[in-house]
Amino acid sequence: MTNKEFALRRSYLAEQMGEGTIAILPSSSVKNRNRDVDHHFRQDSDFHYLTGFNEPESVLVIIPGRKYGETILFCRERDPSKEMWDGFIAGPDRVTDILGVDDAFPIGDIDDILPGMIEGTDKVYYSMGLDAQFDSQVMEWINVIRSKVRSGAHPPGEFVALEHALHELRLFKSAAEIKNMERSAEIAAQGHIKAMEVCRAGLFEYHLESSIIHSFMNAGSRFVAYPSIVGSGDNGCTLHYIDNHSELKNGDLVLIDAGCEVECYASDITRTFPVSGKFSKEQAALYQIVLDAQLAAIAEVKPGNHWNHPHEAAVKIIANGLIELGLLSGSLEDAIKNETYKKFYMHRTGHWLGLDVHDVGEYKVDGEWRLLESGMVLTVEPGIYISPTCTDVPKKWRGIGIRIEDDVVVTKTSNKVLSKSAPKTIDEIESLMARSCK
Ligand code: GLY
Ligand code: MN
Ligand code: MN
């Protein structure tokens, strides 16, 4: 992503804010894991979207129409002894050139400088409630101005949720963003193929996870977009299963939900396949329903359709399939109206995808499902889960958990599946697994 694109995003935001306003956006902070060990730093997605700056302890300020430039960054000062341990720090002197921002100051000076920048503006754009400590810091800066009203200071009169304007921008992906997402999806798809190739009974779920992570990193993606789910047998019915510690057994399916990041852009793919390489009769019957539902849902991803169209298409096919197999009773109409299918399909068919795996953007506008438009990216991920606790269901169905998930971009006329390289028909999966030597 070029500095030019980051600058363009800031200028779109500034345009929407208008003059007489200020936006304040803190970076993520380093999170401690245990004692002296920290988690890898991951920049806040809003902050990344507007700067591309990958350092903690930073604050971005945008002041539309400011005479000396609209974009100001507060960041860490250079510190040779800290850099010796933890590596590169850009520092205010270099960061203007590196990022193309207008002005930069040491983060340690923010209390002295920022109230003067807020003073005189009418509106503060800020995402309140995400970080209690930063919320109170913002209020302190406002209070500094309020304490000076008798000397003629003008505190802002209004706080506006920054995320409304910003998340609307993030919802529509540029060509450069889609390129990253395409790469992220392709790398993730290859990881899923790898898992199918190496899968065999006797391995543990985490062995498949390790193949996937190896494949991601080897292909140039350093980070997973979320902890990989590798659930075999009953574990496939636990939607957010991440223990990944069970042994793979012939006769079981394994559900893998894994995606990676490319320049912070997430992929999010699920494939479900038999440990043995061959689907049983019951597994194949349920799998085909999920696949038909997924294909029907993808066909509904096109401009002019609304957000819920893919979900409605998936629900119809899943409910009908479950009735045909005798797993649900009554009519299709009743199953949909009374939502009896939710016993086996309890989640929605997708979500926005982008810098966050569950990306930002409204799903409804003025109380109505939002229309799909070119440049939006979403997942399509129906599933059927027959929990081992469903004792009212014949045993042969229990412990089958299936989800098929692809990443789909809305194009001008229809859609493009970014994750299409990962096989998903029964034939494709069985042939791939038969070909790989075990
Ligand atoms: N991997 C998270 C999800 O599918 O929503
Ligand atoms: Mn998903
Ligand atoms: Mn997923």
# chains A, B, ... in the order shown; residues from 1 in each chain; ligands from 1
$ residues_around --residues "A:Phe88" --least-positions-apart "3" --cutoff "10 Å" --atoms "only C-alpha atoms" --output "PyMOL selection string"
chain A and resi 55+78-80+82-85+91
$ write_last_selection --atoms "N, CA, C and O atoms" --output "short mmCIF file (atom, residue, chain, number, x, y, z; two decimals), in the first residue's frame"
data_model
loop_
_atom_site.label_atom_id
_atom_site.label_comp_id
_atom_site.auth_asym_id
_atom_site.auth_seq_id
_atom_site.Cartn_x
_atom_site.Cartn_y
_atom_site.Cartn_z
N GLU A 55 3.65 1.32 14.68
CA GLU A 55 4.25 1.47 16.02
C GLU A 55 3.16 1.74 17.05
O GLU A 55 2.17 2.39 16.75
N ARG A 78 13.06 8.55 19.13
CA ARG A 78 14.12 7.56 18.97
C ARG A 78 14.86 7.37 20.29
O ARG A 78 14.99 8.31 21.08
N ASP A 79 15.31 6.15 20.54
CA ASP A 79 15.96 5.83 21.81
C ASP A 79 16.92 4.66 21.55
O ASP A 79 16.49 3.50 21.49
N PRO A 80 18.21 4.99 21.35
CA PRO A 80 19.16 3.93 20.95
C PRO A 80 19.16 2.73 21.88
O PRO A 80 19.24 1.58 21.42
N LYS A 82 16.68 1.54 23.72
CA LYS A 82 15.45 0.77 23.50
C LYS A 82 15.51 0.08 22.13
O LYS A 82 15.10 -1.09 21.98
N GLU A 83 16.04 0.80 21.15
CA GLU A 83 16.10 0.23 19.80
C GLU A 83 17.07 -0.97 19.74
O GLU A 83 16.89 -1.88 18.93
N MET A 84 18.08 -0.94 20.63
CA MET A 84 19.02 -2.06 20.69
C MET A 84 18.26 -3.35 21.07
O MET A 84 18.56 -4.43 20.57
N TRP A 85 17.26 -3.22 21.95
CA TRP A 85 16.49 -4.40 22.37
C TRP A 85 15.35 -4.72 21.42
O TRP A 85 15.14 -5.86 21.03
N GLY A 91 10.52 7.73 15.02
CA GLY A 91 10.79 9.03 15.64
C GLY A 91 10.15 10.17 14.85
O GLY A 91 10.01 10.08 13.62
#
$ residues_near_ligand --ligand "ligand 2" --cutoff "12 Å" --atoms "only C-alpha atoms and all ligand atoms" --output "ChimeraX atom specification"
/A:225-226,228-229,239-240,256-259,266-271,347-354,356-359,377-383,403-408
$ residues_around --residues "A:Glu19" --least-positions-apart "6" --cutoff "12 Å" --atoms "only C-alpha atoms" --output "JSON, numbers by chain"
{"A": [13, 62, 63, 64, 65, 66, 67, 70, 120, 121, 122, 123, 124, 125]}
$ residues_around --residues "A:Ala335" --least-positions-apart "6" --cutoff "12 Å" --atoms "only C-alpha atoms" --output "list in words"
Val315, Lys316, Ile317, Ile318, Ala319, Asn320, Gly321, Leu322, Ile323, Leu327, Leu328, Ser329, Tyr341, Lys342, Lys343, Phe344 and Tyr345 of chain A
$ write_last_selection --atoms "N, CA, C and O atoms" --output "PDB file, in the first residue's frame"
ATOM      1  N   VAL A 315     -30.327 -20.660   4.021  1.00  0.00           N
ATOM      2  CA  VAL A 315     -31.273 -21.232   4.993  1.00  0.00           C
ATOM      3  C   VAL A 315     -32.283 -22.133   4.276  1.00  0.00           C
ATOM      4  O   VAL A 315     -32.602 -23.232   4.744  1.00  0.00           O
ATOM      5  N   LYS A 316     -32.763 -21.663   3.142  1.00  0.00           N
ATOM      6  CA  LYS A 316     -33.778 -22.418   2.394  1.00  0.00           C
ATOM      7  C   LYS A 316     -33.248 -23.809   2.023  1.00  0.00           C
ATOM      8  O   LYS A 316     -33.918 -24.820   2.226  1.00  0.00           O
ATOM      9  N   ILE A 317     -32.041 -23.845   1.499  1.00  0.00           N
ATOM     10  CA  ILE A 317     -31.485 -25.130   1.040  1.00  0.00           C
ATOM     11  C   ILE A 317     -31.131 -26.027   2.225  1.00  0.00           C
ATOM     12  O   ILE A 317     -31.371 -27.242   2.196  1.00  0.00           O
ATOM     13  N   ILE A 318     -30.612 -25.430   3.272  1.00  0.00           N
ATOM     14  CA  ILE A 318     -30.263 -26.244   4.449  1.00  0.00           C
ATOM     15  C   ILE A 318     -31.524 -26.805   5.103  1.00  0.00           C
ATOM     16  O   ILE A 318     -31.597 -28.007   5.412  1.00  0.00           O
ATOM     17  N   ALA A 319     -32.516 -25.958   5.294  1.00  0.00           N
ATOM     18  CA  ALA A 319     -33.755 -26.430   5.938  1.00  0.00           C
ATOM     19  C   ALA A 319     -34.385 -27.537   5.097  1.00  0.00           C
ATOM     20  O   ALA A 319     -34.789 -28.588   5.622  1.00  0.00           O
ATOM     21  N   ASN A 320     -34.448 -27.310   3.780  1.00  0.00           N
ATOM     22  CA  ASN A 320     -35.048 -28.314   2.886  1.00  0.00           C
ATOM     23  C   ASN A 320     -34.264 -29.632   2.949  1.00  0.00           C
ATOM     24  O   ASN A 320     -34.853 -30.721   3.053  1.00  0.00           O
ATOM     25  N   GLY A 321     -32.939 -29.537   2.918  1.00  0.00           N
ATOM     26  CA  GLY A 321     -32.097 -30.737   2.955  1.00  0.00           C
ATOM     27  C   GLY A 321     -32.285 -31.506   4.260  1.00  0.00           C
ATOM     28  O   GLY A 321     -32.348 -32.749   4.253  1.00  0.00           O
ATOM     29  N   LEU A 322     -32.386 -30.777   5.370  1.00  0.00           N
ATOM     30  CA  LEU A 322     -32.550 -31.442   6.666  1.00  0.00           C
ATOM     31  C   LEU A 322     -33.911 -32.129   6.757  1.00  0.00           C
ATOM     32  O   LEU A 322     -34.026 -33.214   7.347  1.00  0.00           O
ATOM     33  N   ILE A 323     -34.915 -31.537   6.138  1.00  0.00           N
ATOM     34  CA  ILE A 323     -36.250 -32.166   6.112  1.00  0.00           C
ATOM     35  C   ILE A 323     -36.189 -33.450   5.273  1.00  0.00           C
ATOM     36  O   ILE A 323     -36.666 -34.505   5.693  1.00  0.00           O
ATOM     37  N   LEU A 327     -34.136 -35.104   9.390  1.00  0.00           N
ATOM     38  CA  LEU A 327     -33.553 -34.500  10.601  1.00  0.00           C
ATOM     39  C   LEU A 327     -34.413 -33.347  11.124  1.00  0.00           C
ATOM     40  O   LEU A 327     -34.299 -32.944  12.279  1.00  0.00           O
ATOM     41  N   LEU A 328     -35.252 -32.819  10.264  1.00  0.00           N
ATOM     42  CA  LEU A 328     -36.263 -31.839  10.689  1.00  0.00           C
ATOM     43  C   LEU A 328     -37.602 -32.345  10.205  1.00  0.00           C
ATOM     44  O   LEU A 328     -37.686 -32.992   9.159  1.00  0.00           O
ATOM     45  N   SER A 329     -38.657 -32.023  10.962  1.00  0.00           N
ATOM     46  CA  SER A 329     -39.983 -32.440  10.508  1.00  0.00           C
ATOM     47  C   SER A 329     -40.791 -31.207  10.111  1.00  0.00           C
ATOM     48  O   SER A 329     -40.387 -30.079  10.370  1.00  0.00           O
ATOM     49  N   TYR A 341     -34.514 -24.872  11.940  1.00  0.00           N
ATOM     50  CA  TYR A 341     -33.196 -25.214  11.361  1.00  0.00           C
ATOM     51  C   TYR A 341     -32.051 -24.733  12.256  1.00  0.00           C
ATOM     52  O   TYR A 341     -30.934 -25.240  12.165  1.00  0.00           O
ATOM     53  N   LYS A 342     -32.340 -23.750  13.134  1.00  0.00           N
ATOM     54  CA  LYS A 342     -31.265 -23.179  13.972  1.00  0.00           C
ATOM     55  C   LYS A 342     -30.666 -24.199  14.939  1.00  0.00           C
ATOM     56  O   LYS A 342     -29.590 -23.972  15.490  1.00  0.00           O
ATOM     57  N   LYS A 343     -31.386 -25.306  15.134  1.00  0.00           N
ATOM     58  CA  LYS A 343     -30.820 -26.374  15.971  1.00  0.00           C
ATOM     59  C   LYS A 343     -29.521 -26.897  15.326  1.00  0.00           C
ATOM     60  O   LYS A 343     -28.591 -27.310  16.025  1.00  0.00           O
ATOM     61  N   PHE A 344     -29.487 -26.877  13.979  1.00  0.00           N
ATOM     62  CA  PHE A 344     -28.321 -27.419  13.265  1.00  0.00           C
ATOM     63  C   PHE A 344     -27.533 -26.362  12.491  1.00  0.00           C
ATOM     64  O   PHE A 344     -26.430 -26.628  12.027  1.00  0.00           O
ATOM     65  N   TYR A 345     -28.155 -25.214  12.295  1.00  0.00           N
ATOM     66  CA  TYR A 345     -27.464 -24.106  11.602  1.00  0.00           C
ATOM     67  C   TYR A 345     -27.772 -22.829  12.381  1.00  0.00           C
ATOM     68  O   TYR A 345     -28.769 -22.151  12.134  1.00  0.00           O
TER      69      TYR A 345
END
$ closest_atom_pairs --of "stretch 84-142 of chain A" --to "stretch 152-164 of chain A" --cutoff "12 Å" --atoms "only C-alpha atoms" --output "JSON lines"
{"residue": "A:Pro115", "atom": "CA", "partner": "A:Pro155", "partner_atom": "CA", "distance": 9.3}
{"residue": "A:Gly116", "atom": "CA", "partner": "A:Ala153", "partner_atom": "CA", "distance": 9.5}
{"residue": "A:Met117", "atom": "CA", "partner": "A:Pro155", "partner_atom": "CA", "distance": 10.6}
{"residue": "A:Ile118", "atom": "CA", "partner": "A:Pro156", "partner_atom": "CA", "distance": 7.3}
{"residue": "A:Glu119", "atom": "CA", "partner": "A:Pro155", "partner_atom": "CA", "distance": 5.5}
{"residue": "A:Gly120", "atom": "CA", "partner": "A:His154", "partner_atom": "CA", "distance": 5.0}
{"residue": "A:Thr121", "atom": "CA", "partner": "A:Pro156", "partner_atom": "CA", "distance": 5.4}
{"residue": "A:Asp122", "atom": "CA", "partner": "A:Pro156", "partner_atom": "CA", "distance": 4.3}
{"residue": "A:Lys123", "atom": "CA", "partner": "A:Glu158", "partner_atom": "CA", "distance": 4.8}
{"residue": "A:Val124", "atom": "CA", "partner": "A:Phe159", "partner_atom": "CA", "distance": 4.9}
{"residue": "A:Tyr125", "atom": "CA", "partner": "A:Leu162", "partner_atom": "CA", "distance": 4.7}
{"residue": "A:Tyr126", "atom": "CA", "partner": "A:Leu162", "partner_atom": "CA", "distance": 4.8}
{"residue": "A:Ser127", "atom": "CA", "partner": "A:Ala161", "partner_atom": "CA", "distance": 5.2}
{"residue": "A:Met128", "atom": "CA", "partner": "A:Ala161", "partner_atom": "CA", "distance": 7.0}
{"residue": "A:Gly129", "atom": "CA", "partner": "A:Ala161", "partner_atom": "CA", "distance": 10.1}
{"residue": "A:Leu130", "atom": "CA", "partner": "A:Glu163", "partner_atom": "CA", "distance": 11.2}
{"residue": "A:Asp135", "atom": "CA", "partner": "A:Phe159", "partner_atom": "CA", "distance": 11.8}
{"residue": "A:Val138", "atom": "CA", "partner": "A:Phe159", "partner_atom": "CA", "distance": 10.9}
{"residue": "A:Met139", "atom": "CA", "partner": "A:Phe159", "partner_atom": "CA", "distance": 10.8}
{"residue": "A:Glu140", "atom": "CA", "partner": "A:Pro155", "partner_atom": "CA", "distance": 11.9}
{"residue": "A:Trp141", "atom": "CA", "partner": "A:Pro155", "partner_atom": "CA", "distance": 9.8}
{"residue": "A:Ile142", "atom": "CA", "partner": "A:Pro155", "partner_atom": "CA", "distance": 6.7}
$ closest_residue --among "A:Val262, A:Tyr68, A:Ala299, A:Tyr241" --to "ligand 3" --atoms "only C-alpha atoms and all ligand atoms"
A:Tyr241
$ closest_residue --among "A:Ser331, A:Ser436, A:Asn54, A:Ser421" --to "A:Ser276" --atoms "only C-alpha atoms"
A:Ser436
